[in-house]
Structures are given as C-alpha cells and as structure tokens.
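Enquirer: The structure file target39.txt (compact mmCIF, C-alpha atoms and all ligand atoms) is provided below.
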```
# COMPACT_ATOMS: atom_id res chain seq x y z
CA MET A 464 149.77 260.72 -56.53
CA PRO A 465 150.91 262.41 -53.33
CA THR A 466 150.79 266.20 -53.27
CA CYS A 467 152.52 266.57 -49.90
CA LEU A 468 153.68 264.43 -47.00
CA PRO A 469 150.86 262.60 -45.20
CA LEU A 470 150.16 263.44 -41.57
CA VAL A 471 151.61 261.10 -38.97
CA LEU A 472 149.06 259.63 -36.58
CA ARG A 473 150.84 259.32 -33.25
CA ARG A 474 150.33 260.76 -29.81
CA CYS A 475 152.19 263.99 -29.07
CA HIS A 476 154.35 263.75 -25.94
CA ALA A 477 153.51 267.30 -24.85
CA CYS A 478 149.75 267.56 -25.46
CA ALA A 479 146.72 265.40 -26.24
CA SER A 480 146.99 265.78 -30.03
CA GLY A 481 147.41 262.67 -32.15
CA ARG A 482 148.68 264.35 -35.31
CA LEU A 483 152.21 265.20 -36.32
CA ARG A 484 153.49 266.80 -39.49
CA ALA A 485 156.92 265.72 -40.74
CA ASN A 486 158.83 268.76 -41.93
CA GLY A 487 161.27 266.75 -44.03
CA LYS A 488 164.22 267.43 -41.77
CA PHE A 489 166.44 264.75 -40.26
CA ARG A 490 168.66 264.68 -37.23
CA VAL A 491 171.69 262.44 -37.35
CA ASN A 492 173.78 261.66 -34.31
CA ALA A 493 177.03 259.75 -34.71
CA ASN A 494 178.85 258.60 -31.60
CA HIS A 495 182.14 256.88 -32.46
CA LYS A 496 181.07 254.34 -35.04
CA VAL A 497 177.45 254.06 -33.93
CA LEU A 498 174.80 256.17 -35.61
CA ASP A 499 171.19 257.15 -34.86
CA ALA A 500 168.94 259.01 -37.28
CA TRP A 501 165.50 260.53 -36.78
CA LEU A 502 162.93 262.17 -38.99
CA LEU A 503 161.61 265.28 -37.24
CA ALA A 504 157.87 265.93 -37.00
CA LEU A 505 155.97 268.81 -35.43
CA CYS A 506 152.74 268.43 -33.46
CA THR A 507 149.91 270.08 -35.41
CA ALA A 508 148.39 271.38 -32.14
CA CYS A 509 151.27 272.58 -29.91
CA GLY A 510 154.16 272.67 -32.36
CA GLY A 511 156.25 270.40 -30.17
CA THR A 512 158.96 268.43 -31.95
CA ALA A 513 158.81 264.65 -32.12
CA ARG A 514 161.56 262.41 -33.40
CA LEU A 515 160.64 259.42 -35.50
CA THR A 516 163.36 256.80 -35.35
CA VAL A 517 164.84 255.93 -38.73
CA LEU A 518 168.10 254.25 -37.74
CA GLU A 519 168.88 253.03 -34.25
CA ARG A 520 172.35 252.20 -32.97
CA MET A 521 173.62 251.30 -36.43
CA ASN A 522 177.26 250.70 -37.24
CA VAL A 523 178.24 253.52 -39.60
CA ARG A 524 179.97 251.13 -41.95
CA SER A 525 176.83 249.04 -42.38
CA ILE A 526 174.84 252.03 -43.69
CA ARG A 527 174.78 252.67 -47.42
CA PRO A 528 176.73 255.92 -48.16
CA GLU A 529 173.90 257.00 -50.45
CA LEU A 530 171.43 256.83 -47.54
CA LEU A 531 173.78 258.81 -45.29
CA ASP A 532 174.10 261.52 -47.95
CA ARG A 533 170.33 261.76 -48.22
CA LEU A 534 169.91 261.95 -44.42
CA HIS A 535 172.55 264.68 -44.10
CA GLY A 536 171.05 266.57 -47.06
CA ASN A 537 167.47 266.44 -45.70
CA ASP A 538 166.42 264.80 -48.99
CA PRO A 539 162.67 265.60 -49.33
CA GLY A 540 161.99 262.35 -51.19
CA LEU A 541 163.57 260.34 -48.38
CA ALA A 542 161.06 261.62 -45.81
CA ALA A 543 158.22 260.47 -48.09
CA GLU A 544 159.82 257.05 -48.57
CA LEU A 545 160.52 256.51 -44.87
CA LEU A 546 157.03 257.55 -43.73
CA GLN A 547 155.62 254.84 -46.00
CA ASP A 548 158.14 252.21 -44.90
CA PRO A 549 156.29 249.54 -42.85
CA VAL A 550 159.42 248.98 -40.72
CA VAL A 551 159.57 252.67 -39.79
CA GLN A 552 155.82 252.73 -39.15
CA HIS A 553 156.02 249.72 -36.87
CA ARG A 554 159.11 250.96 -35.02
CA ASN A 555 157.45 254.28 -34.26
CA ARG A 556 153.96 252.81 -33.68
CA MET A 557 152.49 255.29 -36.14
CA ALA A 558 150.03 255.34 -39.00
CA LEU A 559 149.48 257.80 -41.84
CA ASP A 560 146.59 260.12 -42.65
CA TRP A 561 146.48 260.79 -46.41
CA ASP A 562 143.45 263.12 -46.34
CA ASN A 563 144.13 266.14 -48.58
CA ALA A 564 147.64 264.83 -49.32
CA TRP A 565 146.99 263.28 -52.74
CA ARG A 566 145.26 263.99 -56.02
CA LEU A 567 143.91 262.00 -58.92
CA ASP A 568 145.66 262.61 -62.25
CA THR A 569 143.45 261.29 -65.05
CA GLY A 570 145.81 262.29 -67.86
CA GLY A 571 142.83 263.78 -69.68
CA SER A 572 139.36 262.35 -70.12
CA ASP A 573 138.87 262.51 -73.90
CA ARG A 574 137.91 258.82 -74.23
CA LEU A 575 135.23 258.78 -71.55
CA ASP A 576 132.41 258.92 -74.13
CA HIS A 577 133.44 255.60 -75.73
CA GLU A 578 131.01 252.73 -75.28
CA VAL A 579 133.56 250.55 -73.50
CA ILE A 580 136.64 251.85 -71.73
CA ASP A 581 139.42 249.90 -70.06
CA VAL A 582 141.18 251.90 -67.39
CA SER A 583 144.30 251.07 -65.42
CA VAL A 584 144.84 252.88 -62.14
CA ARG A 585 148.40 253.29 -60.90
CA PHE A 586 149.25 254.35 -57.36
CA ALA A 587 152.33 256.56 -57.05
CA ALA A 588 152.27 255.73 -53.31
CA ARG A 589 150.36 253.19 -51.24
CA ILE A 590 147.52 255.57 -50.39
CA PRO A 591 144.37 253.79 -49.14
CA VAL A 592 141.40 255.15 -51.12
CA ARG A 593 137.96 253.93 -52.10
CA PRO A 594 138.03 252.81 -55.75
CA VAL A 595 134.40 253.92 -56.04
CA ARG A 596 135.51 257.45 -55.21
CA LEU A 597 138.42 257.34 -57.70
CA ILE A 598 136.22 255.98 -60.49
CA ALA A 599 133.49 258.54 -59.78
CA GLU A 600 135.97 261.41 -59.82
CA GLY A 601 137.90 260.14 -62.84
CA CYS A 602 134.83 259.36 -64.96
CA GLY A 603 132.75 262.35 -63.92
CA LEU A 604 130.08 260.21 -62.26
CA SER A 605 128.42 260.36 -58.88
CA ARG A 606 129.33 257.67 -56.35
CA ALA A 607 125.73 256.43 -56.51
CA GLU A 608 126.05 256.01 -60.29
CA VAL A 609 129.28 254.07 -59.86
CA GLU A 610 127.61 251.79 -57.27
CA ARG A 611 124.70 251.24 -59.68
CA LEU A 612 127.03 250.39 -62.61
CA ILE A 613 128.82 247.85 -60.37
CA ALA A 614 125.50 246.31 -59.30
CA GLU A 615 124.38 246.08 -62.95
CA GLY A 616 127.63 244.40 -64.01
CA LYS A 617 128.57 247.30 -66.29
CA LEU A 618 131.59 248.17 -64.22
CA VAL A 619 133.84 245.19 -63.65
CA SER A 620 137.29 244.66 -62.18
CA THR A 621 139.56 241.82 -61.14
CA VAL A 622 139.69 243.38 -57.66
CA ARG A 623 136.91 244.05 -55.17
CA LEU A 624 135.70 247.59 -55.71
CA SER A 625 134.06 247.89 -52.31
CA GLY A 626 136.16 249.02 -49.37
CA LYS A 627 139.59 250.57 -49.85
CA LEU A 628 142.56 249.78 -52.08
CA SER A 629 146.13 251.04 -52.08
CA GLY A 630 147.58 249.17 -55.05
CA ASP A 631 147.24 249.24 -58.85
CA PHE A 632 144.10 247.85 -60.44
CA THR A 633 142.18 247.91 -63.72
CA PHE A 634 138.49 248.16 -64.51
CA THR A 635 136.23 248.05 -67.53
CA LEU A 636 133.26 250.37 -67.89
CA LYS A 637 130.48 249.54 -70.38
CA ARG A 638 127.64 251.96 -71.01
ZN ZN A 701 151.37 268.56 -29.07
```
Take the structure in the file and give it back as structure tokens.

Expert:
Amino acid sequence: MPTCLPLVLRRCHACASGRLRANGKFRVNANHKVLDAWLLALCTACGGTARLTVLERMNVRSIRPELLDRLHGNDPGLAAELLQDPVVQHRNRMALDWDNAWRLDTGGSDRLDHEVIDVSVRFAARIPVRPVRLIAEGCGLSRAEVERLIAEGKLVSTVRLSGKLSGDFTFTLKR
C-alpha cells in the first residue's frame, strides 16, 4: 500500500533535475465556460513549480461536479489517483518512482510456520515491485531462499515470479 505520493519522473524546466514531488495542490483556471486544471509539483532540487495538466480546455458543463469539488478542495486522494492515471501520465510525459513510497502490510504472520500456506497479495495501487522481494519480506526469508524455493518447485504461483509485478497475485509455499 502507498505511504505517500510517488515521485514524478519528469525534467524540471528550471534545472537539470528529473524529479518532482506533487504537493497535492491543484490550480484551476476557468475562462468563460472553458476550464483548465493542473496538479502542482515541486522540483526536488530547485523547488521550482511545475504544473501537470489534468484537464485541458474542457467545457465546464462536461466535467462531473464531484470532480470539480475535489479539484477546488485539493482532495489529497485525487492527487494520488491522477498521478496513477495512464492518461495523465501520457499527457505529461511522466513516469512514477515508488521507491520509499509504499509498505508491505502482512496482516500478521502467525500462520507462516504451517507446512503449506496459500497467500494472496493485493495491491492497493499499481506499484511495480519484485514479487521475490515481497515474498521474502512477508515470509521472513532471504531473497536467495525465495529464489531457491522457486527453483525447487516449493514456491509456486500462476504468475511469473521473476521480474516485476504491479497487480494482485497468489502463491503457495510448501516447506
Ligand atoms: Zn529544478
């Protein structure tokens, strides 16, 4: 689950830094019936303000009132949602850096000593992480042990456990 907003990977206009931090604030500009909205982000190096386009030249009447309320109210959840929106990411040519912006919640580990455990992993946000790392952390194993259990067929899943995942999966661990 996320613990804070991820960093935005995009070039700062004022300096050479490629990292911006959204502060959760929005700027909305309505001109007659046409509206623009931006999510504000500060450069982590120079502090310069960047505007990430959320809505561009939209007719006010075509925007859901609920969304307008959230923009005007600087809704903290909205910033998180929009940063993860592929349309917003594409429009602003940005990517996200989730390092140190999430944590694993195991909900307790009292069943880890069972001979066979079935575990389902749910992502509260589409955060790309290595399942090997999650399993190691959640089961109190080293990454090398997890790799060995996979190689020995004692750790199985319907998804590929190598590389990164950002969506829900399940695995079975037999000892
Ligand atoms: Zn900068």

Enquirer: What lies within 9 Å of A:Gly536 using all atoms listed in the file, ignoring chain neighbours under 4 positions off, as number ranges by chain?

Expert: A: 488-489, 531-532

Enquirer: Tell me which protein, DNA and RNA residues are within 12 Å of A:Glu608, counting only C-alpha atoms, leaving out same-chain ones fewer than 2 positions away, and put them as number ranges by chain.

Expert: A: 595-596, 598-600, 602-606, 610-615, 617-618, 636, 638

Enquirer: With a distance cut-off of 8 Å and only C-alpha atoms, select the neighbouring residues of stretch 515-518 of chain A, excluding the residue or stretch itself and same-chain residues fewer than 3 positions from it, and output the selection as a list in words.

Expert: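 Once the adjacent positions are removed, what remains is Leu498, Asp499, Ala500, Trp501, Leu502, Leu503, Ala504, Met521, Leu545, Val551, Arg554 and Asn555 of chain A.
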
Enquirer: Taking 6 positions as the minimum chain separation for residues in the same chain, which residues sit within 10 Å of stretch 505-514 of chain A when counting only C-alpha atoms? Answer as a list in words.

Expert: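 Within the cut-off, the hits are Leu470, Val471, Arg473, Arg474, Cys475, His476, Ala477, Cys478, Ala479, Ser480, Gly481, Arg482, Leu483, Arg484, Ala485, Asn486, Phe489, Arg490 and Asn555 of chain A.
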
Enquirer: Ranking A:Gln552, A:Glu529, A:Pro594, A:Ala564 by minimum distance to A:Arg623 and counting all atoms listed in the file, which one comes first?

Expert: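 Closest to A:Arg623 of all the choices is A:Pro594.
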
Enquirer: Find the spatial neighbours of A:Thr466, counting all atoms listed in the file, within a cut-off of 9 Å - ignore same-chain residues fewer than 6 positions away - and output them as a list in words.

Expert: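 Here the qualifying residues turn out to be Asn563, Ala564, Trp565 and Arg566 of chain A.
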
Enquirer: Could you dump the residues just selected with C-alpha atoms as a PDB file, in the frame of the given file?

Expert:
```
ATOM      1  CA  ASN A 563     144.130 266.140 -48.580  1.00  0.00           C
ATOM      2  CA  ALA A 564     147.640 264.830 -49.320  1.00  0.00           C
ATOM      3  CA  TRP A 565     146.990 263.280 -52.740  1.00  0.00           C
ATOM      4  CA  ARG A 566     145.260 263.990 -56.020  1.00  0.00           C
TER       5      ARG A 566
END
```

Enquirer: If I take atom CA of A:Thr635 and atom CA of A:Val609, how far is one from the other in Å, to one decimal?

Expert: 12.0 Å

Enquirer: Do you have the atom CA of A:Ser583-atom CA of A:Phe634 distance handy?

Expert: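 Taking atom CA of A:Ser583 and atom CA of A:Phe634, their separation equals 6.6 Å.
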
Enquirer: Just give me the gap between atom CA of A:Gly487 and atom CA of A:Arg533 in Å, one decimal is fine.

Expert: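 Those two atoms sit 11.2 Å apart.
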
Enquirer: Of the candidates A:Leu628, A:Leu575, A:Val592, A:Ala587, which shows the shortest atom-to-atom distance to A:Trp561, using all atoms listed in the file?

Expert: A:Val592

Enquirer: For a quick check of understanding, using only C-alpha atoms and all ligand atoms, which of A:Glu544, A:Leu472, A:Arg524, A:Ser625 has the smallest distance to ligand ZN 701 (chain A)?

Expert: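 Once distances to ligand ZN 701 (chain A) are computed over only C-alpha atoms and all ligand atoms, the minimum belongs to A:Leu472.
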
Enquirer: Nearest to A:Asn537: which of A:Ile580, A:Val491, A:Asn522, A:Asp562 is it, counting only C-alpha atoms?

Expert: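 Closest to A:Asn537, using only C-alpha atoms: A:Val491.
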
Enquirer: Taking every listed atom of stretch 580-594 of chain A and adding 5 Å to each side, what centre and edge lengths in Å (one decimal) does the axis-aligned box have, as AutoDock Vina command-line options?

Expert:
```
--center_x 144.5 --center_y 253.2 --center_z -60.4 --size_x 25.7 --size_y 16.7 --size_z 32.6
```

Enquirer: With only C-alpha atoms as the basis for distance, which of A:Thr633, A:Thr621, A:Asn494, A:Gln547 is at the shortest distance from A:Arg585?

Expert: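 Selected residue with least distance to A:Arg585: A:Thr633.
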
Enquirer: Between A:Val523, A:Leu597, A:Leu624, A:Val619, which is the closest to A:Asn492 once you count only C-alpha atoms?

Expert: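 Once distances to A:Asn492 are computed over only C-alpha atoms, the minimum belongs to A:Val523.
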